[in-house]
>>> print(open('coords.cif').read())   # mmCIF, C-alpha atoms
data_final
#
loop_
_atom_site.group_PDB
_atom_site.id
_atom_site.type_symbol
_atom_site.label_atom_id
_atom_site.label_comp_id
_atom_site.auth_asym_id
_atom_site.auth_seq_id
_atom_site.Cartn_x
_atom_site.Cartn_y
_atom_site.Cartn_z
ATOM 1 C CA MET T 1 14.319 22.534 54.349
ATOM 2 C CA LYS T 2 11.998 25.524 53.773
ATOM 3 C CA LYS T 3 14.282 26.771 51.014
ATOM 4 C CA LEU T 4 14.154 23.382 49.276
ATOM 5 C CA ILE T 5 10.328 23.274 49.382
ATOM 6 C CA LEU T 6 10.070 26.877 48.145
ATOM 7 C CA PHE T 7 12.553 26.196 45.344
ATOM 8 C CA SER T 8 10.665 23.007 44.310
ATOM 9 C CA ALA T 9 7.313 24.820 44.341
ATOM 10 C CA LEU T 10 8.728 27.601 42.169
ATOM 11 C CA ILE T 11 10.164 25.152 39.628
ATOM 12 C CA LEU T 12 7.001 23.002 39.532
ATOM 13 C CA SER T 13 4.742 26.021 39.041
ATOM 14 C CA GLN T 14 6.887 27.159 36.127
ATOM 15 C CA LEU T 15 6.640 23.711 34.542
ATOM 16 C CA TYR T 16 2.871 23.576 35.099
ATOM 17 C CA PHE T 17 2.161 26.959 33.502
ATOM 18 C CA SER T 18 4.500 26.346 30.580
ATOM 19 C CA GLN T 19 2.526 23.230 29.564
ATOM 20 C CA THR T 20 -0.858 24.917 29.053
ATOM 21 C CA SER T 21 -1.909 25.545 25.478
ATOM 22 C CA GLY T 22 -3.389 28.696 24.012
ATOM 23 C CA GLY T 23 -6.535 26.926 22.855
ATOM 24 C CA ILE T 24 -6.380 28.042 19.217
ATOM 25 C CA ARG T 25 -8.737 26.194 16.897
ATOM 26 C CA ILE T 26 -8.698 26.290 13.122
ATOM 27 C CA VAL T 27 -12.055 25.655 11.510
ATOM 28 C CA GLU T 28 -12.333 25.164 7.756
ATOM 29 C CA SER T 29 -15.419 26.695 6.235
ATOM 30 C CA LYS T 30 -17.036 24.683 3.473
ATOM 31 C CA LYS T 31 -19.629 27.308 2.575
ATOM 32 C CA THR T 32 -18.786 30.234 0.359
ATOM 33 C CA ASP T 33 -20.121 33.446 1.866
ATOM 34 C CA LEU T 34 -20.698 36.350 -0.472
ATOM 35 C CA LYS T 35 -20.841 39.859 0.939
ATOM 36 C CA SER T 36 -23.112 42.598 -0.456
ATOM 37 C CA GLU T 37 -24.652 42.429 -3.919
ATOM 38 C CA LEU T 38 -23.177 43.155 -7.355
ATOM 39 C CA PRO T 39 -24.783 45.736 -9.662
ATOM 40 C CA LYS T 40 -27.031 44.260 -12.394
ATOM 41 C CA ASP T 41 -24.775 45.414 -15.256
ATOM 42 C CA LYS T 42 -21.743 43.724 -13.655
ATOM 43 C CA ILE T 43 -23.719 40.525 -13.084
ATOM 44 C CA LYS T 44 -24.723 40.531 -16.751
ATOM 45 C CA MET T 45 -21.099 41.001 -17.909
ATOM 46 C CA TYR T 46 -19.686 38.348 -15.547
ATOM 47 C CA ASP T 47 -22.498 35.915 -16.396
ATOM 48 C CA SER T 48 -21.846 36.368 -20.117
ATOM 49 C CA ASN T 49 -18.142 35.582 -19.614
ATOM 50 C CA PHE T 50 -18.944 32.567 -17.449
ATOM 51 C CA GLN T 51 -21.430 31.151 -19.950
ATOM 52 C CA SER T 52 -18.837 31.634 -22.725
ATOM 53 C CA PHE T 53 -16.274 29.837 -20.568
ATOM 54 C CA VAL T 54 -18.642 26.901 -19.958
ATOM 55 C CA SER T 55 -19.442 26.614 -23.659
ATOM 56 C CA ALA T 56 -15.707 26.753 -24.482
ATOM 57 C CA MET T 57 -15.079 23.939 -21.977
ATOM 58 C CA LYS T 58 -17.902 21.934 -23.508
ATOM 59 C CA ASN T 59 -16.355 22.360 -26.979
ATOM 60 C CA SER T 60 -12.757 21.949 -25.696
ATOM 61 C CA ASP T 61 -11.812 25.332 -27.212
ATOM 62 C CA LYS T 62 -8.466 26.006 -25.494
ATOM 63 C CA THR T 63 -7.916 29.421 -27.097
ATOM 64 C CA LYS T 64 -11.335 30.680 -25.982
ATOM 65 C CA ILE T 65 -10.761 29.301 -22.473
ATOM 66 C CA SER T 66 -7.381 31.025 -22.325
ATOM 67 C CA SER T 67 -8.854 34.340 -23.484
ATOM 68 C CA LEU T 68 -11.435 34.283 -20.665
ATOM 69 C CA LEU T 69 -8.974 33.441 -17.880
ATOM 70 C CA SER T 70 -7.204 36.075 -15.789
ATOM 71 C CA GLU T 71 -3.499 36.625 -16.393
ATOM 72 C CA LYS T 72 -2.931 35.734 -12.717
ATOM 73 C CA VAL T 73 -4.100 32.151 -13.224
ATOM 74 C CA LYS T 74 -3.121 31.422 -16.830
ATOM 75 C CA GLU T 75 0.364 30.331 -15.763
ATOM 76 C CA ILE T 76 -0.868 27.781 -13.233
ATOM 77 C CA VAL T 77 -3.945 26.370 -15.011
ATOM 78 C CA THR T 78 -3.072 23.277 -17.009
ATOM 79 C CA ASP T 79 -5.068 21.048 -19.343
ATOM 80 C CA GLU T 80 -5.458 18.631 -16.419
ATOM 81 C CA HIS T 81 -7.139 21.360 -14.352
ATOM 82 C CA ILE T 82 -9.558 22.087 -17.192
ATOM 83 C CA LYS T 83 -10.344 18.370 -17.618
ATOM 84 C CA LYS T 84 -10.982 18.005 -13.888
ATOM 85 C CA LEU T 85 -13.237 21.067 -13.858
ATOM 86 C CA SER T 86 -15.108 19.805 -16.935
ATOM 87 C CA GLY T 87 -15.787 16.564 -15.088
ATOM 88 C CA GLY T 88 -17.193 18.492 -12.121
ATOM 89 C CA ILE T 89 -19.703 20.574 -14.088
ATOM 90 C CA SER T 90 -22.700 19.051 -15.817
ATOM 91 C CA PHE T 91 -23.041 20.566 -19.291
ATOM 92 C CA ASP T 92 -26.478 19.002 -19.794
ATOM 93 C CA ARG T 93 -28.092 21.097 -17.050
ATOM 94 C CA LYS T 94 -28.783 24.822 -17.436
ATOM 95 C CA MET T 95 -27.150 27.086 -14.836
ATOM 96 C CA GLU T 96 -28.637 30.320 -13.529
ATOM 97 C CA VAL T 97 -27.443 33.008 -11.117
ATOM 98 C CA TYR T 98 -28.266 32.144 -7.509
ATOM 99 C CA LYS T 99 -26.317 34.801 -5.570
ATOM 100 C CA SER T 100 -23.762 37.463 -6.315
ATOM 101 C CA GLY T 101 -21.428 39.518 -4.193
ATOM 102 C CA TYR T 102 -17.822 39.955 -3.192
ATOM 103 C CA GLN T 103 -15.607 37.203 -1.849
ATOM 104 C CA THR T 104 -12.322 37.467 0.001
ATOM 105 C CA ILE T 105 -9.758 34.931 -1.163
ATOM 106 C CA ILE T 106 -6.576 33.568 0.418
ATOM 107 C CA ASN T 107 -4.415 36.686 0.023
ATOM 108 C CA ASN T 108 -7.160 38.868 1.637
ATOM 109 C CA GLU T 109 -8.091 40.502 -1.653
ATOM 110 C CA THR T 110 -11.781 40.914 -2.433
ATOM 111 C CA TYR T 111 -13.144 40.001 -5.856
ATOM 112 C CA PRO T 112 -16.614 39.874 -7.425
ATOM 113 C CA ALA T 113 -18.173 36.408 -7.348
ATOM 114 C CA ILE T 114 -21.335 34.766 -8.625
ATOM 115 C CA GLN T 115 -22.853 31.543 -7.343
ATOM 116 C CA TYR T 116 -24.756 29.527 -9.918
ATOM 117 C CA LYS T 117 -27.369 26.862 -9.283
ATOM 118 C CA PHE T 118 -28.813 24.410 -11.722
ATOM 119 C CA ALA T 119 -32.225 25.508 -13.033
ATOM 120 C CA ASP T 120 -33.818 22.124 -12.307
ATOM 121 C CA ASP T 121 -32.654 22.159 -8.659
ATOM 122 C CA LYS T 122 -35.669 23.243 -6.568
ATOM 123 C CA SER T 123 -34.159 22.554 -3.123
ATOM 124 C CA VAL T 124 -33.509 25.437 -0.705
ATOM 125 C CA PRO T 125 -30.593 25.986 -0.396
ATOM 126 C CA PRO T 126 -29.612 24.419 -3.717
ATOM 127 C CA ALA T 127 -27.884 21.064 -3.493
ATOM 128 C CA ASP T 128 -25.315 21.873 -6.163
ATOM 129 C CA LEU T 129 -23.635 25.247 -6.590
ATOM 130 C CA VAL T 130 -20.844 26.509 -8.815
ATOM 131 C CA THR T 131 -18.999 29.611 -7.611
ATOM 132 C CA ALA T 132 -17.129 31.742 -10.141
ATOM 133 C CA ILE T 133 -14.714 34.466 -9.011
ATOM 134 C CA PHE T 134 -13.882 37.292 -11.403
ATOM 135 C CA GLU T 135 -11.541 40.226 -11.748
ATOM 136 C CA GLU T 136 -13.197 43.636 -12.140
ATOM 137 C CA ASN T 137 -12.579 43.462 -15.915
ATOM 138 C CA GLY T 138 -14.606 40.234 -16.177
ATOM 139 C CA LYS T 139 -11.721 37.771 -16.505
ATOM 140 C CA ILE T 140 -12.200 34.542 -14.547
ATOM 141 C CA LEU T 141 -9.939 33.986 -11.524
ATOM 142 C CA GLY T 142 -11.426 30.728 -10.347
ATOM 143 C CA ILE T 143 -14.339 28.313 -10.483
ATOM 144 C CA LYS T 144 -15.328 26.071 -7.620
ATOM 145 C CA PRO T 145 -18.053 23.403 -7.921
ATOM 146 C CA GLU T 146 -19.743 22.660 -4.569
ATOM 147 C CA PHE T 147 -21.876 19.541 -4.397
ATOM 148 C CA ARG T 148 -23.765 18.111 -1.422
ATOM 149 C CA GLN T 149 -23.198 14.470 -0.867
#
>>> encode(input="coords.cif", output="structure tokens")
Amino acid sequence: MKKLILFSALILSQLYFSQTSGGIRIVESKKTDLKSELPKDKIKMYDSNFQSFVSAMKNSDKTKISSLLSEKVKEIVTDEHIKKLSGGISFDRKMEVYKSGYQTIINNETYPAIQYKFADDKSVPPADLVTAIFEENGKILGIKPEFRQ
């Protein structure tokens, strides 16, 4: 009888400990955190490329848009993506640099990034931001509009 109780206790303890979870939680961050600050000359170059990109989107100039995009994203960006992005950015409002720095993206590579706010937005922090990620040569890797609801 003692052997049966000992055997049952051993089996039940194994079942109990095998059912506990590791407690891993995945939390999605909605804020874009930029690390350190970009040099002024780089900010000027990236800003110039971004403003050219926005004006090309406003004028639907596909060749200019293509020339400002990175080779890494040209293959995957379609006209639908450009239309969707154009709908997410207000061309009537002037954008200005809010923050700059380096951002780590999905593949753990770090790229220069600039966050833009609309000039007429006086709230702190700004309600609407547009984050642009660049390659070191100034080509645009990605643009992400972030709007508070």
>>> closest_residue(input="coords.cif", among="T:Asn49, T:Lys42, T:Lys144, T:Ala113", to="Leu69 (chain T)", atoms="all atoms listed in the file")
T:Asn49
>>> axis_aligned_box(input="coords.cif", around="region 55-70 of chain T", padding_each_side="5 Å", output="lines of an AutoDock Vina configuration file")
center_x = -13.3
center_y = 29.0
center_z = -21.5
size_x = 22.2
size_y = 24.1
size_z = 21.4
>>> atom_distance(input="coords.cif", atom1="CA of Thr104 (chain T)", atom2="CA of Ser86 (chain T)")
24.6 Å
>>> residues_around(input="coords.cif", residues="Asp128 (chain T)", least_positions_apart="2", cutoff="9 Å", atoms="only C-alpha atoms", output="PDB file with C-alpha atoms, in the frame of the given file")
ATOM      1  CA  TYR T 116     -24.756  29.527  -9.918  1.00  0.00           C
ATOM      2  CA  LYS T 117     -27.369  26.862  -9.283  1.00  0.00           C
ATOM      3  CA  PHE T 118     -28.813  24.410 -11.722  1.00  0.00           C
ATOM      4  CA  ASP T 121     -32.654  22.159  -8.659  1.00  0.00           C
ATOM      5  CA  PRO T 125     -30.593  25.986  -0.396  1.00  0.00           C
ATOM      6  CA  PRO T 126     -29.612  24.419  -3.717  1.00  0.00           C
ATOM      7  CA  VAL T 130     -20.844  26.509  -8.815  1.00  0.00           C
ATOM      8  CA  PRO T 145     -18.053  23.403  -7.921  1.00  0.00           C
ATOM      9  CA  GLU T 146     -19.743  22.660  -4.569  1.00  0.00           C
ATOM     10  CA  PHE T 147     -21.876  19.541  -4.397  1.00  0.00           C
ATOM     11  CA  ARG T 148     -23.765  18.111  -1.422  1.00  0.00           C
TER      12      ARG T 148
END
>>> residues_around(input="coords.cif", residues="region 50-52 of chain T", least_positions_apart="4", cutoff="12 Å", atoms="all atoms listed in the file", output="PyMOL selection string")
chain T and resi 43-46+56-61+63-69+91+94-97+113-116+130-134+138-143
>>> closest_residue(input="coords.cif", among="T:Arg93, T:Asn137, T:Tyr98, T:Leu85", to="Pro112 (chain T)", atoms="only C-alpha atoms")
T:Asn137
>>> closest_residue(input="coords.cif", among="T:Ile76, T:Leu38, T:Leu129, T:Ile82", to="Lys62 (chain T)", atoms="all atoms listed in the file")
T:Ile82
>>> atom_distance(input="coords.cif", atom1="CA of Glu37 (chain T)", atom2="CA of Asp120 (chain T)")
23.8 Å
>>> atom_distance(input="coords.cif", atom1="CA of Val124 (chain T)", atom2="CA of Gly87 (chain T)")
24.5 Å
